[in-house]
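Structure file upload_39.txt; described as compact mmCIF, C-alpha atoms.
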# COMPACT_ATOMS: atom_id res chain seq x y z
CA MET A 1 113.07 114.88 61.17
CA GLU A 2 113.25 111.19 62.08
CA LEU A 3 111.15 109.91 64.97
CA TYR A 4 113.28 106.82 65.57
CA PRO A 5 115.88 108.60 67.80
CA TYR A 6 113.04 109.68 70.12
CA TRP A 7 111.72 106.16 70.38
CA LEU A 8 115.23 104.85 71.03
CA SER A 9 115.97 107.49 73.70
CA LEU A 10 112.70 106.80 75.50
CA LYS A 11 113.18 103.03 75.29
CA LEU A 12 116.72 103.35 76.65
CA ALA A 13 115.62 105.65 79.49
CA PHE A 14 112.68 103.41 80.48
CA ILE A 15 114.65 100.15 80.44
CA THR A 16 117.62 101.71 82.25
CA SER A 17 115.45 103.27 84.98
CA ALA A 18 113.45 100.05 85.49
CA ILE A 19 116.59 97.91 85.86
CA LEU A 20 118.23 100.54 88.08
CA LEU A 21 115.20 100.59 90.36
CA VAL A 22 115.43 96.84 90.90
CA ILE A 23 119.21 96.94 91.47
CA SER A 24 119.38 100.09 93.56
CA ILE A 25 116.92 99.26 96.36
CA PRO A 26 118.88 96.26 97.75
CA LEU A 27 122.17 98.05 97.05
CA ALA A 28 121.02 101.20 98.88
CA TYR A 29 119.67 99.07 101.75
CA TYR A 30 123.07 97.41 102.15
CA ILE A 31 124.99 100.69 101.98
CA ALA A 32 122.60 102.49 104.35
CA TYR A 33 122.33 99.80 107.01
CA SER A 34 125.33 97.50 106.80
CA LYS A 35 128.03 97.90 109.45
CA HIS A 36 130.58 96.19 107.20
CA LYS A 37 133.48 98.43 106.21
CA ALA A 38 133.38 97.13 102.63
CA LYS A 39 130.28 99.25 102.08
CA PHE A 40 132.45 102.38 101.81
CA ILE A 41 134.39 100.83 98.92
CA LEU A 42 131.13 99.73 97.29
CA GLU A 43 129.58 103.19 97.66
CA ALA A 44 132.70 104.86 96.22
CA ILE A 45 132.63 102.54 93.18
CA CYS A 46 128.90 103.15 92.66
CA THR A 47 129.39 106.92 92.89
CA LEU A 48 132.37 106.98 90.51
CA PRO A 49 130.26 107.73 87.38
CA LEU A 50 129.29 111.07 88.99
CA VAL A 51 132.83 112.39 88.82
CA LEU A 52 134.21 110.42 85.88
CA PRO A 53 134.05 112.05 82.41
CA PRO A 54 131.53 110.04 80.32
CA THR A 55 134.14 109.48 77.64
CA VAL A 56 136.44 107.77 80.15
CA LEU A 57 133.66 105.45 81.25
CA GLY A 58 132.60 104.92 77.62
CA TYR A 59 136.18 104.13 76.63
CA TYR A 60 136.62 101.48 79.32
CA LEU A 61 133.24 99.95 78.51
CA LEU A 62 134.15 99.90 74.82
CA ILE A 63 137.39 98.09 75.61
CA THR A 64 135.60 95.67 77.95
CA PHE A 65 132.80 94.90 75.50
CA SER A 66 135.03 94.74 72.42
CA PRO A 67 134.33 91.44 70.60
CA ASN A 68 138.05 91.03 69.91
CA GLN A 69 139.23 90.50 73.50
CA GLY A 70 138.44 89.49 77.08
CA LEU A 71 134.84 89.58 78.27
CA GLY A 72 133.48 90.91 74.97
CA ALA A 73 135.15 88.08 73.02
CA TRP A 74 133.87 85.49 75.51
CA LEU A 75 130.30 86.80 75.26
CA LYS A 76 130.52 86.86 71.49
CA ASN A 77 131.94 83.32 71.23
CA THR A 78 129.78 81.73 73.93
CA PHE A 79 126.41 83.45 73.53
CA ASN A 80 126.87 85.20 70.17
CA TRP A 81 126.12 88.38 72.10
CA GLN A 82 127.90 91.56 71.06
CA LEU A 83 127.62 94.46 73.47
CA ALA A 84 129.78 97.06 71.73
CA PHE A 85 127.81 99.00 69.09
CA SER A 86 124.50 97.46 70.13
CA PHE A 87 121.41 98.55 72.06
CA SER A 88 122.13 95.99 74.83
CA GLY A 89 125.55 97.59 75.27
CA LEU A 90 123.92 101.01 75.54
CA VAL A 91 121.59 99.72 78.25
CA ILE A 92 124.48 98.30 80.31
CA GLY A 93 126.52 101.49 79.79
CA SER A 94 123.52 103.63 80.82
CA ILE A 95 122.90 101.52 83.92
CA ILE A 96 126.48 102.04 85.07
CA TYR A 97 126.51 105.72 84.13
CA SER A 98 123.16 106.57 85.75
CA LEU A 99 123.55 104.32 88.82
CA PRO A 100 124.47 107.12 91.28
CA PHE A 101 121.45 109.17 90.18
CA MET A 102 119.12 106.38 91.31
CA LEU A 103 121.21 105.08 94.19
CA GLN A 104 122.11 108.25 96.08
CA PRO A 105 118.53 109.55 96.65
CA ILE A 106 117.45 106.10 97.91
CA ILE A 107 120.44 105.83 100.29
CA HIS A 108 119.62 109.32 101.51
CA GLY A 109 115.94 108.33 101.91
CA PHE A 110 116.86 105.27 104.02
CA ASN A 111 119.28 107.34 106.13
CA GLN A 112 116.58 109.94 106.78
CA LEU A 113 114.20 107.39 108.33
CA PRO A 114 114.27 107.17 112.13
CA LYS A 115 116.17 104.10 113.33
CA THR A 116 113.17 103.26 115.52
CA TYR A 117 111.11 102.30 112.41
CA GLN A 118 113.33 99.31 111.74
CA GLU A 119 113.81 98.45 115.38
CA ALA A 120 110.11 98.73 116.21
CA SER A 121 109.26 96.42 113.32
CA TYR A 122 111.87 93.85 114.41
CA THR A 123 110.65 93.89 118.02
CA LEU A 124 107.10 93.44 116.70
CA GLY A 125 108.31 90.15 115.25
CA LYS A 126 108.71 91.13 111.60
CA SER A 127 111.62 89.89 109.49
CA LYS A 128 114.12 92.17 107.76
CA LEU A 129 112.55 91.49 104.35
CA HIS A 130 109.02 92.12 105.65
CA THR A 131 110.23 95.38 107.25
CA LEU A 132 111.95 96.46 104.03
CA LEU A 133 108.90 95.77 101.86
CA ASN A 134 106.20 97.04 104.19
CA VAL A 135 107.83 99.89 106.10
CA LEU A 136 111.15 101.09 104.70
CA ILE A 137 110.32 101.15 100.97
CA PRO A 138 106.85 102.78 101.39
CA CYS A 139 108.32 105.39 103.77
CA THR A 140 111.08 106.13 101.23
CA LYS A 141 108.71 106.52 98.27
CA PRO A 142 109.49 110.21 97.59
CA ALA A 143 113.24 109.42 97.50
CA ILE A 144 112.62 106.46 95.16
CA ILE A 145 110.54 108.66 92.83
CA THR A 146 113.34 111.26 92.85
CA GLY A 147 115.80 108.51 91.90
CA CYS A 148 113.56 107.39 89.03
CA ILE A 149 113.18 110.97 87.74
CA LEU A 150 116.89 111.71 87.91
CA SER A 151 118.04 108.48 86.30
CA PHE A 152 115.38 108.71 83.57
CA ALA A 153 116.25 112.33 82.75
CA HIS A 154 119.98 111.64 82.95
CA THR A 155 119.73 108.67 80.57
CA LEU A 156 117.58 110.71 78.19
CA GLY A 157 120.29 113.34 77.86
CA GLU A 158 123.22 110.92 77.86
CA PHE A 159 125.83 111.60 75.19
CA GLY A 160 129.43 110.64 75.96
CA VAL A 161 128.92 107.00 76.89
CA VAL A 162 126.44 106.45 74.03
CA LEU A 163 128.84 108.00 71.52
CA MET A 164 131.76 105.86 72.69
CA LEU A 165 129.80 102.64 73.03
CA GLY A 166 127.21 103.02 70.27
CA GLY A 167 129.25 104.56 67.47
CA HIS A 168 127.46 105.97 64.46
CA LEU A 169 124.84 103.33 63.82
CA LYS A 170 121.12 103.80 63.20
CA SER A 171 120.34 101.23 65.90
CA THR A 172 122.15 103.29 68.54
CA ARG A 173 121.29 106.81 67.31
CA VAL A 174 119.51 108.37 70.29
CA VAL A 175 118.32 112.03 70.22
CA SER A 176 121.50 113.47 71.75
CA ILE A 177 123.58 111.71 69.07
CA ALA A 178 121.15 112.84 66.35
CA ILE A 179 121.70 116.48 67.43
CA TYR A 180 125.47 115.98 67.27
CA ASP A 181 125.24 114.37 63.81
CA GLU A 182 123.02 117.15 62.42
CA VAL A 183 125.40 119.83 63.74
CA GLN A 184 128.35 117.98 62.22
CA MET A 185 126.52 118.14 58.87
CA MET A 186 125.79 121.88 59.43
CA ASN A 187 122.11 121.01 59.39
CA TYR A 188 121.16 123.46 62.13
CA SER A 189 117.40 123.54 61.57
CA GLN A 190 117.16 119.76 62.11
CA ALA A 191 119.49 119.98 65.12
CA ASN A 192 117.34 122.76 66.50
CA GLN A 193 114.18 120.67 66.17
CA TYR A 194 115.77 117.73 68.01
CA ALA A 195 117.28 119.97 70.70
CA LEU A 196 114.14 121.99 71.33
CA SER A 197 111.88 118.95 71.49
CA LEU A 198 114.29 117.19 73.88
CA LEU A 199 114.40 120.33 76.03
CA ILE A 200 110.59 120.60 76.19
CA PHE A 201 110.14 116.87 76.74
CA SER A 202 112.72 116.80 79.58
CA LEU A 203 111.07 119.79 81.21
CA ILE A 204 107.60 118.24 81.02
CA THR A 205 108.91 114.90 82.35
CA LEU A 206 110.56 116.58 85.33
CA MET A 207 107.49 118.72 86.08
CA ALA A 208 105.13 115.75 85.90
CA ALA A 209 107.38 113.60 88.05
CA ASN A 210 107.86 116.36 90.64
CA LEU A 211 104.10 116.81 90.78
CA LEU A 212 103.71 113.10 91.40
CA LYS A 213 106.39 113.22 94.10
CA SER A 214 104.76 116.15 95.89
CA ARG A 215 101.47 114.23 95.96
CA TYR A 216 103.22 111.37 97.76
CA VAL A 217 104.95 113.73 100.19
CA THR A 218 101.80 115.61 101.13
CA GLY A 219 99.43 112.66 100.85
CA MET B 220 110.76 83.75 134.67
CA LEU B 221 112.91 86.21 132.72
CA GLN B 222 116.48 85.96 133.94
CA VAL B 223 119.04 88.54 132.95
CA ASN B 224 122.70 88.43 133.95
CA ILE B 225 124.80 90.34 131.45
CA ASN B 226 127.80 92.61 131.10
CA TYR B 227 128.12 95.48 128.70
CA HIS B 228 130.00 98.67 128.15
CA ILE B 229 129.32 101.69 126.00
CA PRO B 230 132.57 103.00 124.61
CA ASN B 231 132.31 106.74 125.08
CA ARG B 232 134.61 109.57 124.15
CA TYR B 233 134.41 111.05 127.63
CA GLU B 234 134.01 108.08 129.94
CA LYS B 235 133.93 104.31 129.76
CA LEU B 236 131.42 102.75 132.11
CA ASP B 237 131.14 99.00 132.63
CA TYR B 238 127.60 97.75 133.15
CA HIS B 239 126.47 94.68 134.98
CA PHE B 240 122.76 94.03 134.73
CA GLU B 241 121.22 91.33 136.86
CA LEU B 242 117.47 91.00 137.31
CA ASN B 243 114.70 88.41 137.44
CA VAL B 244 111.14 89.07 136.38
CA ALA B 245 108.49 86.59 137.52
CA ALA B 246 105.52 85.56 135.39
CA ALA B 247 102.61 88.01 135.28
CA SER B 248 104.58 90.70 137.09
CA THR B 249 105.74 94.25 136.43
CA THR B 250 109.23 95.48 137.16
CA GLY B 251 109.94 99.19 137.36
CA ILE B 252 113.34 100.70 136.60
CA TYR B 253 114.40 104.23 137.43
CA GLY B 254 117.62 106.19 137.40
CA VAL B 255 119.06 109.47 136.20
CA SER B 256 119.23 110.32 132.50
CA GLY B 257 122.13 108.55 130.84
CA ALA B 258 122.28 105.82 133.52
CA GLY B 259 121.69 103.14 130.83
CA LYS B 260 118.01 102.34 131.33
CA SER B 261 117.14 102.35 127.62
CA THR B 262 120.34 100.41 126.89
CA LEU B 263 119.15 97.67 129.25
CA LEU B 264 115.87 97.31 127.31
CA ARG B 265 117.77 97.27 124.01
CA LEU B 266 120.03 94.50 125.35
CA ILE B 267 117.09 92.40 126.55
CA SER B 268 115.26 92.87 123.26
CA GLY B 269 118.28 91.83 121.17
CA LEU B 270 118.81 95.19 119.48
CA GLU B 271 122.22 95.41 121.19
CA LYS B 272 124.53 92.53 121.97
CA PRO B 273 125.88 92.09 125.52
CA LEU B 274 129.61 91.51 125.96
CA SER B 275 128.97 88.41 128.03
CA GLY B 276 126.39 86.69 130.22
CA ASN B 277 122.98 85.08 129.78
CA ILE B 278 119.40 86.06 129.09
CA SER B 279 116.77 83.37 129.35
CA PHE B 280 113.00 83.37 129.23
CA ASP B 281 111.42 80.41 131.00
CA GLU B 282 113.28 77.44 129.51
CA LYS B 283 114.40 79.24 126.37
CA ILE B 284 117.85 80.82 126.10
CA TRP B 285 117.73 84.18 124.32
CA PHE B 286 121.39 85.02 124.78
CA SER B 287 124.33 83.06 126.02
CA SER B 288 127.92 84.12 125.42
CA GLU B 289 129.15 80.69 126.54
CA LYS B 290 126.91 78.77 124.15
CA SER B 291 127.19 81.43 121.40
CA ILE B 292 123.42 81.88 121.31
CA ASP B 293 122.01 85.26 120.33
CA LEU B 294 118.40 85.18 119.15
CA GLU B 295 117.19 87.89 116.79
CA PRO B 296 114.65 90.35 118.27
CA GLN B 297 112.05 88.75 115.96
CA ASN B 298 112.46 85.41 117.76
CA ARG B 299 112.13 86.71 121.32
CA ASN B 300 108.35 87.28 121.36
CA LEU B 301 108.49 90.70 122.94
CA SER B 302 107.37 94.24 122.23
CA LEU B 303 109.50 97.29 122.90
CA MET B 304 107.85 100.68 123.11
CA PHE B 305 110.50 103.31 122.45
CA PRO B 306 110.51 106.80 123.98
CA GLU B 307 110.92 108.32 120.47
CA LYS B 308 108.34 108.50 117.66
CA GLN B 309 107.99 105.02 116.25
CA LEU B 310 104.67 104.72 114.38
CA PHE B 311 105.09 104.07 110.67
CA THR B 312 104.12 107.16 108.70
CA ASN B 313 103.09 105.19 105.60
CA MET B 314 100.25 103.59 107.57
CA SER B 315 97.17 104.89 109.33
CA VAL B 316 96.68 104.35 113.06
CA SER B 317 94.53 101.24 112.33
CA GLN B 318 97.11 99.84 109.94
CA ASN B 319 99.89 100.40 112.48
CA ILE B 320 97.98 98.32 115.02
CA ASP B 321 97.06 95.63 112.49
CA TYR B 322 100.73 95.42 111.47
CA ALA B 323 101.60 94.13 114.94
CA ASN B 324 98.39 92.35 115.78
CA HIS B 325 98.80 88.81 117.07
CA SER B 326 95.80 88.87 119.35
CA ASP B 327 92.27 87.73 118.54
CA LYS B 328 91.10 91.37 118.46
CA ASN B 329 91.31 93.63 115.43
CA ALA B 330 92.51 97.25 115.36
CA GLN B 331 88.95 98.55 115.66
CA HIS B 332 88.46 96.58 118.85
CA TRP B 333 91.69 97.90 120.37
CA LEU B 334 90.81 101.48 119.44
CA THR B 335 87.33 101.10 120.91
CA GLN B 336 88.72 99.70 124.14
CA PHE B 337 91.05 102.70 124.54
CA LYS B 338 88.49 105.23 123.25
CA LEU B 339 90.55 106.18 120.20
CA THR B 340 88.23 105.19 117.32
CA HIS B 341 88.28 108.79 116.03
CA LEU B 342 92.00 108.35 115.20
CA ALA B 343 91.57 105.13 113.18
CA GLN B 344 92.21 106.62 109.73
CA ARG B 345 94.64 109.31 110.82
CA LYS B 346 98.32 109.18 109.84
CA PRO B 347 100.88 109.32 112.71
CA GLN B 348 102.27 112.65 111.48
CA HIS B 349 98.89 114.21 112.35
CA LEU B 350 98.82 112.93 115.94
CA SER B 351 99.76 114.87 119.06
CA GLN B 352 102.61 113.50 121.16
CA GLY B 353 100.18 112.06 123.69
CA GLU B 354 98.09 110.40 120.98
CA HIS B 355 101.26 109.01 119.41
CA GLN B 356 102.26 107.43 122.73
CA ARG B 357 98.81 105.95 123.27
CA VAL B 358 98.72 104.36 119.82
CA ALA B 359 102.31 103.10 120.17
CA PHE B 360 101.36 101.47 123.47
CA ILE B 361 98.32 99.79 121.88
CA ARG B 362 100.47 98.55 118.99
CA ALA B 363 103.03 97.09 121.41
CA LEU B 364 100.23 95.37 123.33
CA ALA B 365 98.48 94.11 120.17
CA ARG B 366 101.53 91.99 119.39
CA ARG B 367 100.47 89.92 122.41
CA PRO B 368 104.04 89.65 123.69
CA GLN B 369 105.35 87.41 126.43
CA LEU B 370 107.51 90.33 127.50
CA LEU B 371 106.41 93.97 127.23
CA LEU B 372 109.23 96.51 127.46
CA LEU B 373 108.09 100.09 128.04
CA ASP B 374 110.50 103.02 127.89
CA GLU B 375 108.87 106.17 129.34
CA PRO B 376 105.55 105.07 127.81
CA PHE B 377 103.19 107.62 129.35
CA SER B 378 105.32 110.75 129.71
CA ALA B 379 102.99 112.80 127.45
CA ILE B 380 99.68 111.37 128.69
CA ASN B 381 97.63 113.20 131.30
CA GLU B 382 96.98 111.64 134.70
CA GLU B 383 93.25 110.94 134.19
CA LEU B 384 93.93 108.83 131.08
CA LYS B 385 96.85 106.93 132.58
CA ALA B 386 94.55 104.87 134.84
CA ASP B 387 93.08 103.09 131.78
CA TYR B 388 96.56 102.12 130.64
CA TYR B 389 97.67 100.88 134.07
CA GLN B 390 94.47 98.82 134.16
CA ALA B 391 95.19 97.37 130.71
CA ILE B 392 98.72 96.36 131.73
CA GLU B 393 97.33 94.71 134.86
CA SER B 394 94.60 92.74 133.10
CA TYR B 395 96.58 91.55 130.02
CA LYS B 396 99.53 90.65 132.22
CA LYS B 397 97.31 88.14 134.00
CA GLU B 398 95.36 87.02 130.94
CA TRP B 399 98.46 86.37 128.82
CA ASP B 400 100.93 85.54 131.61
CA MET B 401 102.95 88.50 130.36
CA ARG B 402 106.03 90.04 132.03
CA VAL B 403 106.42 93.81 131.95
CA ILE B 404 109.52 95.95 132.44
CA MET B 405 108.85 99.67 132.55
CA ILE B 406 111.23 102.58 132.68
CA SER B 407 109.97 105.83 134.13
CA HIS B 408 111.27 108.99 135.75
CA ASN B 409 107.98 109.11 137.63
CA ARG B 410 108.39 107.07 140.85
CA ASP B 411 104.68 107.45 141.71
CA GLU B 412 103.81 105.83 138.39
CA LEU B 413 106.17 102.91 139.09
CA ASN B 414 104.78 102.53 142.61
CA LYS B 415 101.28 102.18 141.18
CA ILE B 416 101.96 99.39 138.72
CA SER B 417 105.15 97.52 139.64
CA GLN B 418 105.69 94.63 142.02
CA GLN B 419 109.44 95.23 142.19
CA GLN B 420 111.70 98.14 141.38
CA TYR B 421 115.34 98.53 140.50
CA HIS B 422 117.45 101.65 140.75
CA LEU B 423 120.02 101.80 137.95
CA THR B 424 123.10 103.63 139.15
CA ASN B 425 126.83 103.39 138.34
CA GLY B 426 126.11 100.69 135.79
CA LYS B 427 124.40 98.35 138.26
CA LEU B 428 120.80 97.49 139.13
CA ILE B 429 119.98 97.79 142.81
CA CYS B 430 116.78 96.20 143.99
CA ASP B 431 114.68 98.76 145.83
CA ASN B 432 111.36 97.70 147.29
CA LYS B 433 111.14 100.27 150.07
CA SER B 434 108.49 102.34 148.33
CA LEU B 435 106.32 99.27 147.64
CA GLY B 436 105.85 98.53 151.33
Translate this file's structure into structure tokens.
Amino acid sequence: MELYPYWLSLKLAFITSAILLVISIPLAYYIAYSKHKAKFILEAICTLPLVLPPTVLGYYLLITFSPNQGLGAWLKNTFNWQLAFSFSGLVIGSIIYSLPFMLQPIIHGFNQLPKTYQEASYTLGKSKLHTLLNVLIPCTKPAIITGCILSFAHTLGEFGVVLMLGGHLKSTRVVSIAIYDEVQMMNYSQANQYALSLLIFSLITLMAANLLKSRYVTG
Amino acid sequence: MLQVNINYHIPNRYEKLDYHFELNVAAASTTGIYGVSGAGKSTLLRLISGLEKPLSGNISFDEKIWFSSEKSIDLEPQNRNLSLMFPEKQLFTNMSVSQNIDYANHSDKNAQHWLTQFKLTHLAQRKPQHLSQGEHQRVAFIRALARRPQLLLLDEPFSAINEELKADYYQAIESYKKEWDMRVIMISHNRDELNKISQQQYHLTNGKLICDNKSLG
């Protein structure tokens, strides 16, 4: 059994979750508190990956990142950067695919906070940024941890988008793809090892993260 | 002098009431406002603080214009140098009582000093979710005061505090009002409470403020 797919899956899940965390907090803040009607369109677009089949998303990303046309060709020609069939492409695909799993809990967390928290901070002379950093984000910590757990676990088990965007290359062969490959080759004992270890690892990750979350909630 | 002369309306499914608020609050004075529930008392404080925007009119504090529909001026709440104590729970649950006070502190005293003055040192490290309603109100009042505002807006600030303790808080309002040249506007259902601490009172009814100084002699 190769260890590389594990390393790749973990790397992908870590990088995706870290980038999503940075993107999702300002995005969730805008969606939760803005009175602009455009926020409903933005929220619908950000939630789309929840209902879209991964292959559909993967297909469109593959077309977009294809080095033969449009954006993909421009990136290739200008920066010599190919996103299709590369790890960078997988990261971007994972960010889009896992976005609602990070975003929705944080929006929900912001919406759950009493409106008086923000208003009290403003009338105490604190700016919107100061209020966000010192009151809103710390008070939403359990929701942010939930978002991190869900997006990490979701990226770890991602299959459709990775298959469409990564193809059958060693550099994009995450655990879920390795399982699929081994089954295709009727190599069930190898597939079983990958599947069981991914199952146990996902379970341990979720348990550890939930334990951490409960400490924040009660503490 | 705080001068308020504004118009507002709350679009409501059942009724649409037009408000006209006009009041003046002199330096180092306390103004009491009373009226039935739903009369718009809290709305008035939200308009003065900048959390809601009036339809038209002016709000000025001494020489500074806070709101003017004619001049298109509408200062953010952060730039109005005021504190608003809400009737709802408002202490930040990620901070201890001390940290909540330090968050707002603009005075030369630290949280420990404030808590000692109001005999609440035993609550210093406690989180707001472990406070009683009365304790929550007392800490919220201290936090609003610690900001050292030019204008202190109090919305039913002492409704959960027993009578014996209230005297300390009335005394604090009186002394800091003079020391800092602070204006105070306080909403209360309790007319006796308003009679004790305010120099003028307004009755808010049918969307208008009616000056009522009968009870003050």
Test item: residues at most 10 Å from B:Leu339, all atoms listed in the file, excluding those fewer than 3 positions along its chain, as an MDAnalysis selection string: chainID B and resid 316 331:336 342:343 354 357:358
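Checking B:Tyr389, B:Leu294, B:Gln344, B:Ile380 one by one against B:Met314, counting only C-alpha atoms, you find the shortest gap at B:Gln344.
Counting from atom CA of B:Tyr253, the distance to atom CA of B:Leu372 is 13.6 Å.
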Interface, chain A side, toward chain B (8 Å; all atoms listed in the file) as an MDAnalysis selection string: chainID A and resid 114 116:117 119:120 122:127 135 138:139
Using the selection just defined, write its residues with C-alpha atoms as a PDB file, keeping the file's coordinate frame.
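Written out: again_17.pdb:
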ATOM      1  CA  PRO A 114     114.270 107.170 112.130  1.00  0.00           C
ATOM      2  CA  THR A 116     113.170 103.260 115.520  1.00  0.00           C
ATOM      3  CA  TYR A 117     111.110 102.300 112.410  1.00  0.00           C
ATOM      4  CA  GLU A 119     113.810  98.450 115.380  1.00  0.00           C
ATOM      5  CA  ALA A 120     110.110  98.730 116.210  1.00  0.00           C
ATOM      6  CA  TYR A 122     111.870  93.850 114.410  1.00  0.00           C
ATOM      7  CA  THR A 123     110.650  93.890 118.020  1.00  0.00           C
ATOM      8  CA  LEU A 124     107.100  93.440 116.700  1.00  0.00           C
ATOM      9  CA  GLY A 125     108.310  90.150 115.250  1.00  0.00           C
ATOM     10  CA  LYS A 126     108.710  91.130 111.600  1.00  0.00           C
ATOM     11  CA  SER A 127     111.620  89.890 109.490  1.00  0.00           C
ATOM     12  CA  VAL A 135     107.830  99.890 106.100  1.00  0.00           C
ATOM     13  CA  PRO A 138     106.850 102.780 101.390  1.00  0.00           C
ATOM     14  CA  CYS A 139     108.320 105.390 103.770  1.00  0.00           C
TER      15      CYS A 139
END
All residues 12 Å or closer to B:Ser394, all atoms listed in the file, same chain fewer than 6 positions away omitted, as a ChimeraX atom specification: /B:247-249,364,387-388,400-403,416
Protein, DNA and RNA residues within 8 Å of (105.9, 104.6, 128.0), all atoms listed in the file, as a ChimeraX atom specification: /B:304-306,356,360,373-378,405-407
Would you put the residues from that selection into a file with C-alpha atoms, as a PDB file, in the coordinates of the input?
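Saved the output as result-v1.pdb:
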ATOM      1  CA  MET B 304     107.850 100.680 123.110  1.00  0.00           C
ATOM      2  CA  PHE B 305     110.500 103.310 122.450  1.00  0.00           C
ATOM      3  CA  PRO B 306     110.510 106.800 123.980  1.00  0.00           C
ATOM      4  CA  GLN B 356     102.260 107.430 122.730  1.00  0.00           C
ATOM      5  CA  PHE B 360     101.360 101.470 123.470  1.00  0.00           C
ATOM      6  CA  LEU B 373     108.090 100.090 128.040  1.00  0.00           C
ATOM      7  CA  ASP B 374     110.500 103.020 127.890  1.00  0.00           C
ATOM      8  CA  GLU B 375     108.870 106.170 129.340  1.00  0.00           C
ATOM      9  CA  PRO B 376     105.550 105.070 127.810  1.00  0.00           C
ATOM     10  CA  PHE B 377     103.190 107.620 129.350  1.00  0.00           C
ATOM     11  CA  SER B 378     105.320 110.750 129.710  1.00  0.00           C
ATOM     12  CA  MET B 405     108.850  99.670 132.550  1.00  0.00           C
ATOM     13  CA  ILE B 406     111.230 102.580 132.680  1.00  0.00           C
ATOM     14  CA  SER B 407     109.970 105.830 134.130  1.00  0.00           C
TER      15      SER B 407
END
Within 12 Å of A:Ile204 using all atoms listed in the file, minus same-chain residues under 6 positions, as a ChimeraX atom specification: /A:149,153,197-198,210-211
Write a file for stretch 274-320 of chain B, containing C-alpha atoms (output as a compact mmCIF listing (two decimals), in the first residue's frame).
# COMPACT_ATOMS: atom_id res chain seq x y z
CA LEU B 274 -36.15 60.40 7.90
CA SER B 275 -35.35 64.08 8.30
CA GLY B 276 -34.28 66.70 10.84
CA ASN B 277 -31.19 67.49 12.89
CA ILE B 278 -29.27 66.15 15.85
CA SER B 279 -26.46 68.26 17.22
CA PHE B 280 -24.24 68.02 20.27
CA ASP B 281 -22.79 71.35 21.36
CA GLU B 282 -21.30 72.73 18.13
CA LYS B 283 -21.00 69.38 16.40
CA ILE B 284 -23.67 68.14 13.98
CA TRP B 285 -24.37 64.42 14.41
CA PHE B 286 -27.18 64.24 11.90
CA SER B 287 -28.54 66.66 9.38
CA SER B 288 -30.79 65.61 6.52
CA GLU B 289 -30.28 69.00 4.84
CA LYS B 290 -26.49 68.82 4.94
CA SER B 291 -26.43 65.03 4.37
CA ILE B 292 -24.49 64.47 7.59
CA ASP B 293 -24.95 61.20 9.45
CA LEU B 294 -22.14 60.35 11.86
CA GLU B 295 -21.50 56.71 12.70
CA PRO B 296 -22.32 55.69 16.31
CA GLN B 297 -18.55 55.31 16.84
CA ASN B 298 -18.04 59.02 16.19
CA ARG B 299 -20.75 60.33 18.53
CA ASN B 300 -18.94 59.76 21.85
CA LEU B 301 -21.88 58.18 23.62
CA SER B 302 -22.76 54.98 25.42
CA LEU B 303 -26.05 53.19 25.02
CA MET B 304 -27.12 50.67 27.62
CA PHE B 305 -29.67 48.35 26.05
CA PRO B 306 -32.53 46.68 27.92
CA GLU B 307 -31.46 43.27 26.51
CA LYS B 308 -28.37 41.21 27.41
CA GLN B 309 -25.39 42.93 25.87
CA LEU B 310 -22.20 41.81 27.65
CA PHE B 311 -19.81 39.93 25.39
CA THR B 312 -19.75 36.26 26.35
CA ASN B 313 -16.18 35.71 25.11
CA MET B 314 -14.90 38.08 27.80
CA SER B 315 -14.95 38.10 31.58
CA VAL B 316 -16.65 40.91 33.50
CA SER B 317 -13.27 42.71 33.87
CA GLN B 318 -12.50 42.34 30.18
CA ASN B 319 -15.95 43.67 29.24
CA ILE B 320 -15.26 46.82 31.26
